[in-house]
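K.L.:
Structure file coords.tsv (TSV, C-alpha atoms) is given on the next line.
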```tsv
chain	number	residue	atom	x	y	z
A	1	MET	CA	48.71	54.76	52.25
A	2	SER	CA	48.78	51.25	50.89
A	3	GLU	CA	46.84	48.32	52.30
A	4	LYS	CA	50.18	46.66	53.09
A	5	THR	CA	51.24	49.62	55.19
A	6	LEU	CA	47.90	49.52	56.95
A	7	THR	CA	48.01	45.90	58.03
A	8	GLU	CA	51.62	44.71	58.12
A	9	PRO	CA	52.89	44.78	61.73
A	10	ASP	CA	56.11	46.48	62.68
A	11	PRO	CA	57.11	45.14	66.11
A	12	ALA	CA	59.92	47.67	66.45
A	13	ALA	CA	57.32	50.44	66.36
A	14	GLY	CA	54.88	48.62	68.62
A	15	GLU	CA	52.47	48.01	65.75
A	16	GLN	CA	51.68	44.42	66.60
A	17	CYS	CA	48.11	45.53	67.32
A	18	PRO	CA	45.70	45.25	64.38
A	19	VAL	CA	44.02	48.22	62.73
A	20	ARG	CA	40.40	48.36	63.85
A	21	HIS	CA	37.85	49.85	61.44
A	22	TRP	CA	35.60	52.30	63.30
A	23	PRO	CA	32.45	52.98	61.24
A	24	ALA	CA	30.28	56.08	61.54
A	25	LEU	CA	27.55	54.84	63.88
A	26	ASP	CA	24.26	56.66	64.43
A	27	LEU	CA	23.91	55.91	68.13
A	28	THR	CA	20.78	56.70	70.12
A	29	GLY	CA	20.16	57.61	73.73
A	30	VAL	CA	23.25	57.65	75.91
A	31	ASP	CA	24.48	54.26	74.68
A	32	PHE	CA	28.25	54.05	74.86
A	33	ASP	CA	29.89	53.39	71.49
A	34	PRO	CA	30.41	49.59	71.31
A	35	VAL	CA	33.49	49.96	69.09
A	36	LEU	CA	35.10	52.29	71.61
A	37	ALA	CA	34.22	49.90	74.43
A	38	ASP	CA	35.99	47.08	72.54
A	39	LEU	CA	39.03	49.29	71.90
A	40	MET	CA	39.24	50.12	75.61
A	41	GLU	CA	39.28	46.40	76.35
A	42	GLU	CA	42.00	45.74	73.77
A	43	GLY	CA	44.53	47.93	75.52
A	44	PRO	CA	45.63	51.46	76.33
A	45	VAL	CA	47.09	52.08	72.85
A	46	THR	CA	45.34	50.74	69.75
A	47	ARG	CA	45.16	51.55	66.04
A	48	ILE	CA	42.03	52.75	64.25
A	49	GLN	CA	40.79	53.52	60.77
A	50	LEU	CA	37.82	55.90	60.54
A	51	PRO	CA	35.43	56.17	57.55
A	52	ASN	CA	37.18	59.09	55.84
A	53	GLY	CA	40.67	60.42	55.19
A	54	GLU	CA	43.65	58.16	54.64
A	55	GLY	CA	45.59	55.49	56.49
A	56	TRP	CA	45.32	54.68	60.19
A	57	ALA	CA	45.94	56.49	63.48
A	58	TRP	CA	46.84	55.59	67.02
A	59	LEU	CA	44.19	55.89	69.72
A	60	VAL	CA	44.79	56.31	73.46
A	61	THR	CA	41.90	55.71	75.83
A	62	ARG	CA	43.24	55.87	79.41
A	63	MET	CA	43.13	59.10	81.39
A	64	ASP	CA	46.87	59.44	82.03
A	65	ASP	CA	47.70	58.86	78.34
A	66	VAL	CA	44.97	61.25	77.18
A	67	ARG	CA	46.39	63.94	79.45
A	68	LEU	CA	49.91	63.24	78.21
A	69	VAL	CA	49.06	63.51	74.51
A	70	THR	CA	46.87	66.61	74.87
A	71	ASN	CA	49.39	68.49	77.01
A	72	ASP	CA	52.71	67.52	75.41
A	73	ALA	CA	54.37	69.74	72.80
A	74	ARG	CA	55.66	66.62	71.02
A	75	PHE	CA	52.12	66.12	69.66
A	76	SER	CA	51.03	68.85	67.25
A	77	ARG	CA	47.64	70.00	66.01
A	78	GLU	CA	49.21	72.38	63.49
A	79	ALA	CA	50.94	69.49	61.70
A	80	VAL	CA	47.51	68.03	60.84
A	81	MET	CA	46.79	70.91	58.46
A	82	ASP	CA	48.50	69.41	55.44
A	83	ARG	CA	47.55	65.80	56.10
A	84	GLN	CA	44.53	63.71	55.12
A	85	VAL	CA	44.47	61.85	58.43
A	86	THR	CA	41.84	59.13	58.86
A	87	ARG	CA	38.80	60.87	60.35
A	88	LEU	CA	35.07	60.67	61.02
A	89	ALA	CA	33.94	63.75	59.06
A	90	PRO	CA	33.60	63.25	55.30
A	91	HIS	CA	34.98	66.73	54.68
A	92	PHE	CA	37.97	68.38	56.31
A	93	ILE	CA	38.11	72.12	55.76
A	94	PRO	CA	40.30	73.66	58.48
A	95	SER	CA	41.08	77.35	58.20
A	96	ARG	CA	44.79	77.96	58.32
A	97	GLY	CA	45.48	79.94	61.46
A	98	ALA	CA	42.29	78.74	63.19
A	99	VAL	CA	42.88	78.32	66.91
A	100	GLY	CA	41.90	74.65	66.83
A	101	PHE	CA	44.90	73.93	64.58
A	102	LEU	CA	47.49	76.11	66.28
A	103	ASP	CA	50.17	75.05	68.71
A	104	PRO	CA	51.61	77.23	71.49
A	105	PRO	CA	52.70	79.99	71.57
A	106	ASP	CA	50.39	81.18	68.74
A	107	HIS	CA	47.51	79.22	70.26
A	108	ASN	CA	47.98	80.98	73.61
A	109	ARG	CA	48.17	84.38	71.91
A	110	LEU	CA	44.77	83.90	70.28
A	111	ARG	CA	43.15	82.47	73.41
A	112	ARG	CA	44.35	85.45	75.47
A	113	SER	CA	42.44	87.85	73.24
A	114	VAL	CA	39.05	86.44	74.34
A	115	ALA	CA	39.95	85.03	77.76
A	116	PRO	CA	38.13	87.78	79.74
A	117	ALA	CA	34.78	86.70	78.25
A	118	PHE	CA	35.19	83.11	79.44
A	119	THR	CA	36.52	83.62	82.95
A	120	ALA	CA	34.18	83.11	85.91
A	121	ARG	CA	33.58	86.89	85.92
A	122	GLY	CA	32.92	86.97	82.19
A	123	VAL	CA	30.40	84.13	82.43
A	124	GLU	CA	28.70	85.75	85.43
A	125	ARG	CA	28.27	88.86	83.29
A	126	VAL	CA	25.68	87.04	81.19
A	127	ARG	CA	24.11	84.86	83.94
A	128	ASP	CA	21.24	87.22	84.74
A	129	SER	CA	20.35	87.83	81.10
A	130	ALA	CA	20.64	84.07	80.43
A	131	ARG	CA	18.28	83.33	83.33
A	132	ARG	CA	15.77	85.90	82.01
A	133	MET	CA	15.91	84.51	78.46
A	134	LEU	CA	15.42	80.98	79.79
A	135	ALA	CA	12.48	82.05	81.97
A	136	GLU	CA	10.80	83.57	78.91
A	137	LEU	CA	11.28	80.35	76.93
A	138	VAL	CA	9.83	78.25	79.77
A	139	ASP	CA	6.91	80.72	80.10
A	140	GLU	CA	6.15	80.18	76.40
A	141	LEU	CA	6.47	76.41	76.81
A	142	VAL	CA	4.02	76.37	79.73
A	143	ALA	CA	1.59	78.71	77.98
A	144	ALA	CA	1.49	76.52	74.86
A	145	GLY	CA	0.87	73.46	77.02
A	146	PRO	CA	1.84	69.83	76.54
A	147	PRO	CA	2.87	67.91	74.59
A	148	ALA	CA	5.90	69.84	73.38
A	149	ASP	CA	9.29	69.35	71.81
A	150	LEU	CA	11.72	70.39	74.55
A	151	THR	CA	14.55	70.65	72.02
A	152	ALA	CA	12.72	73.11	69.76
A	153	ALA	CA	11.10	75.06	72.60
A	154	VAL	CA	14.03	75.43	75.02
A	155	LEU	CA	17.17	73.35	74.50
A	156	SER	CA	17.95	74.79	71.06
A	157	PRO	CA	17.00	78.50	71.36
A	158	PHE	CA	18.52	78.93	74.85
A	159	PRO	CA	22.19	78.13	74.05
A	160	ILE	CA	21.90	80.10	70.80
A	161	ALA	CA	20.67	83.15	72.71
A	162	VAL	CA	23.39	82.81	75.35
A	163	ILE	CA	26.34	82.34	72.99
A	164	CYS	CA	25.09	85.19	70.78
A	165	GLU	CA	24.85	87.39	73.88
A	166	LEU	CA	28.42	86.50	74.87
A	167	MET	CA	29.68	86.94	71.31
A	168	GLY	CA	27.95	90.27	70.82
A	169	VAL	CA	25.74	89.02	67.97
A	170	PRO	CA	22.47	90.99	67.76
A	171	ALA	CA	19.27	89.05	68.51
A	172	ALA	CA	18.02	89.61	64.95
A	173	ASP	CA	20.93	87.53	63.59
A	174	ARG	CA	20.54	84.50	65.88
A	175	HIS	CA	18.55	82.45	63.37
A	176	ALA	CA	21.20	82.89	60.67
A	177	MET	CA	23.90	81.84	63.14
A	178	HIS	CA	21.94	78.72	64.06
A	179	THR	CA	21.40	77.75	60.41
A	180	TRP	CA	25.09	78.17	59.54
A	181	THR	CA	26.13	76.15	62.59
A	182	GLN	CA	23.83	73.24	61.71
A	183	TYR	CA	25.23	73.07	58.19
A	184	ILE	CA	28.81	73.16	59.48
A	185	LEU	CA	28.28	70.50	62.16
A	186	SER	CA	26.36	67.98	60.06
A	187	SER	CA	27.94	65.68	57.52
A	188	SER	CA	24.64	64.95	55.79
A	189	HIS	CA	24.56	68.11	53.62
A	190	GLY	CA	27.94	67.57	51.95
A	191	ALA	CA	31.23	69.43	51.90
A	192	ASP	CA	30.07	72.25	49.59
A	193	VAL	CA	27.16	73.25	51.82
A	194	SER	CA	29.36	73.09	54.92
A	195	GLU	CA	32.07	75.19	53.29
A	196	GLN	CA	29.57	77.80	52.08
A	197	ALA	CA	28.06	78.09	55.57
A	198	LYS	CA	31.53	78.52	57.06
A	199	GLU	CA	32.36	81.24	54.51
A	200	GLU	CA	29.08	83.07	55.19
A	201	MET	CA	29.58	82.96	58.95
A	202	GLY	CA	33.18	84.12	58.46
A	203	ALA	CA	32.05	87.04	56.30
A	204	TYR	CA	29.51	88.01	58.98
A	205	PHE	CA	32.13	88.01	61.73
A	206	THR	CA	34.63	89.86	59.54
A	207	GLU	CA	32.17	92.74	59.30
A	208	LEU	CA	31.13	92.56	62.98
A	209	ILE	CA	34.67	92.42	64.39
A	210	ASP	CA	35.89	95.16	62.05
A	211	ALA	CA	33.05	97.39	63.26
A	212	ARG	CA	34.05	96.83	66.91
A	213	ALA	CA	37.70	97.88	66.52
A	214	ASP	CA	37.27	100.84	68.88
A	215	SER	CA	34.80	99.21	71.25
A	216	ALA	CA	35.51	98.91	74.97
A	217	ASP	CA	32.67	96.41	75.49
A	218	GLU	CA	33.29	92.96	77.00
A	219	ASP	CA	31.58	90.78	74.39
A	220	VAL	CA	33.79	88.50	72.29
A	221	ALA	CA	33.43	90.44	69.03
A	222	SER	CA	34.51	93.64	70.82
A	223	LEU	CA	37.46	91.91	72.52
A	224	LEU	CA	38.55	90.53	69.14
A	225	GLY	CA	38.07	93.88	67.43
A	226	ALA	CA	40.21	95.59	70.06
A	227	ALA	CA	42.92	92.91	69.79
A	228	VAL	CA	43.01	93.34	66.00
A	229	GLY	CA	43.20	97.10	66.50
A	230	ARG	CA	46.21	96.64	68.79
A	231	ARG	CA	47.78	94.34	66.16
A	232	GLU	CA	47.96	91.48	68.67
A	233	ILE	CA	46.11	89.19	66.26
A	234	THR	CA	45.12	89.44	62.61
A	235	LEU	CA	41.56	89.90	61.43
A	236	GLU	CA	41.72	86.46	59.80
A	237	GLU	CA	42.75	84.89	63.11
A	238	ALA	CA	39.98	86.77	64.94
A	239	VAL	CA	37.34	85.56	62.50
A	240	GLY	CA	38.52	81.95	62.71
A	241	LEU	CA	38.32	82.07	66.51
A	242	ALA	CA	34.88	83.70	66.46
A	243	VAL	CA	33.51	80.99	64.15
A	244	LEU	CA	34.90	78.25	66.38
A	245	LEU	CA	33.44	79.79	69.55
A	246	GLN	CA	30.04	80.42	67.97
A	247	ILE	CA	29.78	76.82	66.73
A	248	GLY	CA	30.97	75.44	70.07
A	249	GLY	CA	28.31	77.42	71.90
A	250	GLU	CA	25.57	75.38	70.27
A	251	ALA	CA	27.03	72.07	71.45
A	252	VAL	CA	25.10	72.71	74.68
A	253	THR	CA	21.88	71.93	72.77
A	254	ASN	CA	22.97	68.35	72.12
A	255	ASN	CA	24.64	67.89	75.52
A	256	SER	CA	21.60	69.14	77.42
A	257	GLY	CA	19.34	67.07	75.16
A	258	GLN	CA	21.22	63.94	76.21
A	259	MET	CA	21.19	65.12	79.83
A	260	PHE	CA	17.41	65.52	79.93
A	261	TYR	CA	16.86	62.32	77.97
A	262	LEU	CA	18.84	60.57	80.69
A	263	LEU	CA	16.98	62.29	83.54
A	264	LEU	CA	13.59	61.54	81.98
A	265	THR	CA	14.35	57.88	81.24
A	266	ARG	CA	15.78	57.41	84.74
A	267	PRO	CA	13.29	59.44	86.79
A	268	GLU	CA	14.94	58.43	90.08
A	269	LEU	CA	17.83	60.71	89.07
A	270	ALA	CA	15.50	63.66	88.40
A	271	ASP	CA	13.69	62.98	91.69
A	272	ARG	CA	17.02	63.14	93.53
A	273	LEU	CA	17.80	66.53	91.97
A	274	ARG	CA	14.35	67.86	92.89
A	275	ALA	CA	14.59	66.59	96.46
A	276	ASP	CA	18.09	67.95	97.08
A	277	PRO	CA	18.92	71.05	95.00
A	278	SER	CA	22.25	71.39	96.81
A	279	VAL	CA	23.59	68.34	94.95
A	280	ARG	CA	22.87	69.80	91.50
A	281	PRO	CA	26.28	71.36	90.69
A	282	GLN	CA	28.06	68.12	91.64
A	283	ALA	CA	25.43	66.07	89.77
A	284	ILE	CA	25.91	68.11	86.60
A	285	ASP	CA	29.63	67.34	86.65
A	286	GLU	CA	28.82	63.64	87.00
A	287	LEU	CA	26.37	63.81	84.09
A	288	LEU	CA	28.99	65.62	82.00
A	289	ARG	CA	31.42	62.80	82.79
A	290	TYR	CA	28.92	60.07	81.91
A	291	ILE	CA	27.18	61.42	78.80
A	292	PRO	CA	28.87	60.43	75.49
A	293	HIS	CA	28.62	63.84	73.90
A	294	ARG	CA	30.24	63.11	70.55
A	295	ASN	CA	30.55	60.40	67.93
A	296	ALA	CA	33.91	58.60	67.67
A	297	VAL	CA	36.79	61.05	68.24
A	298	GLY	CA	37.49	64.72	67.54
A	299	LEU	CA	40.62	66.24	66.03
A	300	SER	CA	43.86	64.32	65.71
A	301	ARG	CA	47.44	65.30	66.45
A	302	ILE	CA	50.75	64.40	64.78
A	303	ALA	CA	53.78	63.12	66.70
A	304	LEU	CA	56.73	65.43	66.01
A	305	GLU	CA	59.24	62.89	67.34
A	306	ASP	CA	59.24	59.30	68.55
A	307	VAL	CA	57.33	58.94	71.82
A	308	GLU	CA	56.77	55.79	73.85
A	309	ILE	CA	53.36	55.29	75.46
A	310	LYS	CA	52.67	52.17	77.53
A	311	GLY	CA	55.52	50.35	75.79
A	312	VAL	CA	54.31	51.29	72.30
A	313	ARG	CA	56.50	53.49	70.13
A	314	ILE	CA	54.58	56.29	68.42
A	315	ARG	CA	56.84	57.32	65.56
A	316	ALA	CA	57.47	60.85	64.32
A	317	GLY	CA	54.82	61.63	61.71
A	318	ASP	CA	52.22	59.21	63.09
A	319	ALA	CA	48.69	60.50	63.65
A	320	ILE	CA	47.19	60.00	67.09
A	321	TYR	CA	43.74	60.50	68.62
A	322	VAL	CA	42.63	60.71	72.22
A	323	SER	CA	39.19	59.72	73.49
A	324	TYR	CA	37.84	61.95	76.25
A	325	LEU	CA	34.79	59.68	76.43
A	326	SER	CA	36.86	56.64	77.34
A	327	ALA	CA	39.05	58.66	79.73
A	328	ASN	CA	35.86	59.59	81.57
A	329	ARG	CA	35.17	55.85	82.05
A	330	ASP	CA	38.69	54.94	83.17
A	331	PRO	CA	38.22	52.63	86.18
A	332	GLU	CA	41.63	53.66	87.54
A	333	VAL	CA	40.28	57.21	87.95
A	334	PHE	CA	36.54	56.66	88.38
A	335	PRO	CA	35.62	53.63	90.53
A	336	ASP	CA	32.56	51.85	89.10
A	337	PRO	CA	32.60	54.19	86.07
A	338	GLU	CA	29.33	52.87	84.55
A	339	ARG	CA	27.39	54.01	87.62
A	340	ILE	CA	26.02	57.57	87.83
A	341	ASP	CA	27.05	58.77	91.28
A	342	PHE	CA	25.95	62.31	92.17
A	343	THR	CA	28.24	62.24	95.21
A	344	ARG	CA	31.35	61.28	93.22
A	345	SER	CA	34.34	63.19	94.56
A	346	PRO	CA	36.81	63.97	93.25
A	347	ASN	CA	35.49	64.04	89.70
A	348	PRO	CA	38.38	65.06	87.42
A	349	HIS	CA	36.47	64.44	84.18
A	350	VAL	CA	37.70	65.72	80.82
A	351	ALA	CA	34.32	66.42	79.21
A	352	PHE	CA	35.69	69.81	78.12
A	353	GLY	CA	39.07	68.47	77.04
A	354	PHE	CA	42.49	68.96	78.58
A	355	GLY	CA	45.68	70.91	77.95
A	356	PRO	CA	46.06	73.99	75.74
A	357	HIS	CA	42.99	73.08	73.68
A	358	TYR	CA	40.71	72.78	76.74
A	359	CYS	CA	37.29	74.13	75.70
A	360	PRO	CA	37.18	77.84	76.59
A	361	GLY	CA	33.40	77.62	76.97
A	362	GLY	CA	33.48	75.00	79.72
A	363	GLN	CA	32.38	77.38	82.49
A	364	LEU	CA	29.68	78.82	80.23
A	365	ALA	CA	28.31	75.37	79.35
A	366	ARG	CA	28.26	74.35	83.02
A	367	MET	CA	26.38	77.54	83.92
A	368	GLU	CA	23.80	76.90	81.18
A	369	SER	CA	23.32	73.31	82.37
A	370	GLU	CA	22.74	74.52	85.94
A	371	LEU	CA	20.15	77.08	84.79
A	372	LEU	CA	18.36	74.49	82.63
A	373	VAL	CA	18.17	71.92	85.43
A	374	ASP	CA	16.89	74.55	87.90
A	375	ALA	CA	14.29	75.99	85.54
A	376	LEU	CA	12.88	72.79	84.07
A	377	LEU	CA	12.88	70.55	87.15
A	378	ASP	CA	11.50	73.24	89.48
A	379	ARG	CA	8.87	74.75	87.19
A	380	LEU	CA	7.74	71.47	85.63
A	381	PRO	CA	7.66	68.93	88.49
A	382	GLY	CA	5.70	66.49	86.33
A	383	LEU	CA	8.08	66.70	83.34
A	384	ARG	CA	8.23	63.35	81.55
A	385	LEU	CA	8.79	61.88	78.08
A	386	ALA	CA	5.66	61.98	75.91
A	387	VAL	CA	6.79	58.93	73.91
A	388	ALA	CA	8.57	55.69	74.67
A	389	PRO	CA	12.38	56.21	75.09
A	390	GLU	CA	13.11	54.24	71.90
A	391	GLN	CA	10.84	56.60	69.93
A	392	VAL	CA	12.95	59.68	70.68
A	393	PRO	CA	14.68	60.55	67.38
A	394	PHE	CA	18.43	61.14	67.59
A	395	ARG	CA	20.52	63.10	65.09
A	396	LYS	CA	21.97	61.14	62.21
A	397	GLY	CA	25.27	61.96	60.53
A	398	ALA	CA	26.16	64.38	63.33
A	399	LEU	CA	29.58	64.83	64.89
A	400	ILE	CA	28.00	65.85	68.21
A	401	ARG	CA	25.40	63.43	69.59
A	402	GLY	CA	21.96	64.50	70.78
A	403	PRO	CA	18.22	64.11	70.25
A	404	GLU	CA	16.75	65.75	67.16
A	405	ALA	CA	13.56	66.23	69.15
A	406	LEU	CA	12.66	65.52	72.77
A	407	PRO	CA	8.86	65.06	73.03
A	408	VAL	CA	7.73	65.84	76.59
A	409	ALA	CA	4.59	66.30	78.66
A	410	TRP	CA	3.98	67.48	82.26
```
Now, as a test, write the supplied structure out as structure tokens.
P.N.:
Amino acid sequence: MSEKTLTEPDPAAGEQCPVRHWPALDLTGVDFDPVLADLMEEGPVTRIQLPNGEGWAWLVTRMDDVRLVTNDARFSREAVMDRQVTRLAPHFIPSRGAVGFLDPPDHNRLRRSVAPAFTARGVERVRDSARRMLAELVDELVAAGPPADLTAAVLSPFPIAVICELMGVPAADRHAMHTWTQYILSSSHGADVSEQAKEEMGAYFTELIDARADSADEDVASLLGAAVGRREITLEEAVGLAVLLQIGGEAVTNNSGQMFYLLLTRPELADRLRADPSVRPQAIDELLRYIPHRNAVGLSRIALEDVEIKGVRIRAGDAIYVSYLSANRDPEVFPDPERIDFTRSPNPHVAFGFGPHYCPGGQLARMESELLVDALLDRLPGLRLAVAPEQVPFRKGALIRGPEALPVAW
């Protein structure tokens, strides 16, 4: 797209707003992205250009508009497949048929195949084993003594163990899964490394799912194998979904890292959770609302026809992003949104997305967060940062924000 197309306004299409360049920022702590904050101030519908891809895209930041775009068939994920839309990631390697780039009804068909594993009952199926695995990790942490890296000791191995348990991946293969995921999620290794990791993980799941074709077990690989066997989905579709779910399962590491960084730098919050355990489930929802879990924005959509949002015409073919982070700070929905309020009710946050592409692992992630808060705050009443807050290293070049290490003592 030419520079003229990028900058010349078209009032008929509502493009009187300038295109704002949004660089890839390596943000630390739970600082809210300053560029996003400015865009929220500029208006409900703005235009952005991210570091990679081509051209510009619309951005909506208010809750009602975010819900509209994510839940309206006039905005398509599938149409992104053949476009080099402006984006944060330096490489864009979507697998055709992957659930993240499907629209209904195909999207619903794939989601149905694994839905039993992610219902409340499916998540409860792994709660006891998750609690046992976490207790063992905390036992090892306590035995080794302080100081320790909470990320390496607990926050990284715990979500890996839980998602592998849910997926049906044997314990011996957890390390390989973690390595592949890190290469896929980071932009710092380059497109070739990311693509190779994705291919290797895909090959692994191809073999695992194929071997579970006759299984009646309730893990994800078995559910996918059975669905392939019934010809409800193809093996390629099953593998793409398995890769997406496995990668998503590790996002809890970064989210919980930010959560504990916040609790340890604002000890009055941790003290409140220790003093009143009954408030913990509600508090976790408030922390999920508040924590900026990703950099910039996620996946875009393409308008399939002209749509008007807040008086701005989004034309057919235009790319559009939503920001769940900004929606979670919408003052029309969350009074005093910059304040962490453990009694906030209602709390209709969209930390796990909205619409057909709502994160299937939302209940699982919430359960893991509850277990982590219970285990670490109750067993380590003196838990504190072992370094100054500004010395905690945060991940660079990552799509999902979080501390690289969280040095603690107790």
K.L.:
Please indicate the distance in Å from CA of Ser369 in chain A to CA of Leu155 in chain A, rounded to one decimal place.
P.N.:
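Value for the CA of Ser369 in chain A-CA of Leu155 in chain A distance: 10.0 Å.
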K.L.:
Taking only C-alpha atoms into account, name the residue in A:Pro277, A:Gly248, A:Pro381, A:Pro18 that is nearest to Ile400 in chain A.
P.N.:
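That would be A:Gly248, the residue with the smallest distance to Ile400 in chain A.
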K.L.:
Quick one: everything within 12 Å of range 68-75 of chain A, counting all atoms listed in the file, minus sequence neighbours fewer than 6 positions away in the same chain. Send it as JSON, numbers by chain.
P.N.:
{"A": [45, 58, 59, 60, 61, 62, 101, 102, 103, 104, 105, 107, 299, 300, 301, 302, 303, 304, 305, 306, 307, 308, 309, 310, 314, 315, 316, 317, 318, 319, 320, 321, 322, 323, 324, 327, 350, 353, 354, 355, 356, 357, 358]}
K.L.:
Which residue out of A:Gln182, A:Thr253, A:Ser222, A:Gln84 has the minimum interatomic distance to Asp210 in chain A when all atoms listed in the file are used?
P.N.:
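Result for the nearest residue to Asp210 in chain A: A:Ser222.
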K.L.:
What is the CA of Val99 in chain A-CA of Gly298 in chain A distance in Å, reported with one decimal?
P.N.:
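Separation between CA of Val99 in chain A and CA of Gly298 in chain A: 14.6 Å.
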K.L.:
Once you count only C-alpha atoms, which residues end up no further than 8 Å from (9.7, 66.8, 74.7) in the file's frame, shown as an MDAnalysis selection string?
P.N.:
chainID A and resid 147:151 384:386 405:409
K.L.:
Find the residue from A:Phe394, A:Leu273, A:Glu200, A:Val162 that sits nearest to Trp180 in chain A; use all atoms listed in the file when measuring.
P.N.:
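When distances to Trp180 in chain A are compared using all atoms listed in the file, the smallest one comes from A:Glu200.
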K.L.:
Measure the distance from CA of Arg280 in chain A to CA of Val373 in chain A in Å and round it to one decimal.
P.N.:
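Atom-to-atom, CA of Arg280 in chain A and CA of Val373 in chain A are spaced 8.0 Å apart.
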K.L.:
Considering only C-alpha atoms, can you say which of A:Leu325, A:Ala115, A:Val169, A:Ala197 comes closest to Thr181 in chain A?
P.N.:
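Checking each candidate against Thr181 in chain A, we get A:Ala197 as the closest.
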K.L.:
Could you pull the residues within 8 Å of Pro403 in chain A, counting all atoms listed in the file, minus those fewer than 6 positions along the same chain, as a JSON list (two decimals) with C-alpha atoms, in the frame of the given file?
P.N.:
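Result saved to out-v1.json:
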```json
[["chain", "number", "residue", "atom", "x", "y", "z"],
["A", 28, "THR", "CA", 20.78, 56.70, 70.12],
["A", 29, "GLY", "CA", 20.16, 57.61, 73.73],
["A", 151, "THR", "CA", 14.55, 70.65, 72.02],
["A", 254, "ASN", "CA", 22.97, 68.35, 72.12],
["A", 257, "GLY", "CA", 19.34, 67.07, 75.16],
["A", 258, "GLN", "CA", 21.22, 63.94, 76.21],
["A", 392, "VAL", "CA", 12.95, 59.68, 70.68],
["A", 393, "PRO", "CA", 14.68, 60.55, 67.38],
["A", 394, "PHE", "CA", 18.43, 61.14, 67.59],
["A", 395, "ARG", "CA", 20.52, 63.10, 65.09]]
```
K.L.:
Which is closest to Arg294 in chain A among A:Phe352, A:Tyr204, A:Trp410, A:Phe92, if we use all atoms listed in the file?
P.N.:
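Smallest separation from Arg294 in chain A among the options: A:Phe352.
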K.L.:
Excluding Ala98 in chain A and any residue of its chain fewer than 5 positions from it, enumerate the residues within 7 Å of it, using all atoms listed in the file, and give them as a ChimeraX atom specification.
P.N.:
/A:237,240-241
K.L.:
At a cut-off of 12 Å from (15.7, 64.6, 93.6) in the coordinates of the file, what residues are picked up using only C-alpha atoms, written as a PyMOL selection string?
P.N.:
chain A and resi 263+266-280+283+342+373-374+377-378+381
K.L.:
Residues of the last selection are to be written out with C-alpha atoms, as an mmCIF file, in the coordinates of the input.
P.N.:
```cif
data_model
loop_
_atom_site.group_PDB
_atom_site.id
_atom_site.type_symbol
_atom_site.label_atom_id
_atom_site.label_comp_id
_atom_site.auth_asym_id
_atom_site.auth_seq_id
_atom_site.Cartn_x
_atom_site.Cartn_y
_atom_site.Cartn_z
ATOM 1 C CA LEU A 263 16.980 62.290 83.540
ATOM 2 C CA ARG A 266 15.780 57.410 84.740
ATOM 3 C CA PRO A 267 13.290 59.440 86.790
ATOM 4 C CA GLU A 268 14.940 58.430 90.080
ATOM 5 C CA LEU A 269 17.830 60.710 89.070
ATOM 6 C CA ALA A 270 15.500 63.660 88.400
ATOM 7 C CA ASP A 271 13.690 62.980 91.690
ATOM 8 C CA ARG A 272 17.020 63.140 93.530
ATOM 9 C CA LEU A 273 17.800 66.530 91.970
ATOM 10 C CA ARG A 274 14.350 67.860 92.890
ATOM 11 C CA ALA A 275 14.590 66.590 96.460
ATOM 12 C CA ASP A 276 18.090 67.950 97.080
ATOM 13 C CA PRO A 277 18.920 71.050 95.000
ATOM 14 C CA SER A 278 22.250 71.390 96.810
ATOM 15 C CA VAL A 279 23.590 68.340 94.950
ATOM 16 C CA ARG A 280 22.870 69.800 91.500
ATOM 17 C CA ALA A 283 25.430 66.070 89.770
ATOM 18 C CA PHE A 342 25.950 62.310 92.170
ATOM 19 C CA VAL A 373 18.170 71.920 85.430
ATOM 20 C CA ASP A 374 16.890 74.550 87.900
ATOM 21 C CA LEU A 377 12.880 70.550 87.150
ATOM 22 C CA ASP A 378 11.500 73.240 89.480
ATOM 23 C CA PRO A 381 7.660 68.930 88.490
#
```
K.L.:
Name the closest residue to Pro389 in chain A among the candidates A:Val154, A:Met81, A:Ala375, A:Leu264; distances are taken between atoms, counting all atoms listed in the file.
P.N.:
A:Leu264
K.L.:
Excluding same-chain residues fewer than 2 positions from Ile163 in chain A, what lies within 8 Å of it counting only C-alpha atoms, as a list in words?
P.N.:
Pro159, Ile160, Ala161, Glu165, Leu166, Met167, Gln246, Gly249 and Glu250 of chain A
K.L.:
Any idea what's packed within 12 Å of Ser215 in chain A, counting all atoms listed in the file, ignoring anything in its chain fewer than 3 positions away? Could you give it as a list in words?
P.N.:
Gly168, Leu208, Ile209, Asp210, Ala211, Arg212, Glu218, Asp219, Val220, Ala221, Ser222, Leu223, Leu224, Gly225, Ala226, Ala227, Val228, Gly229 and Arg230 of chain A
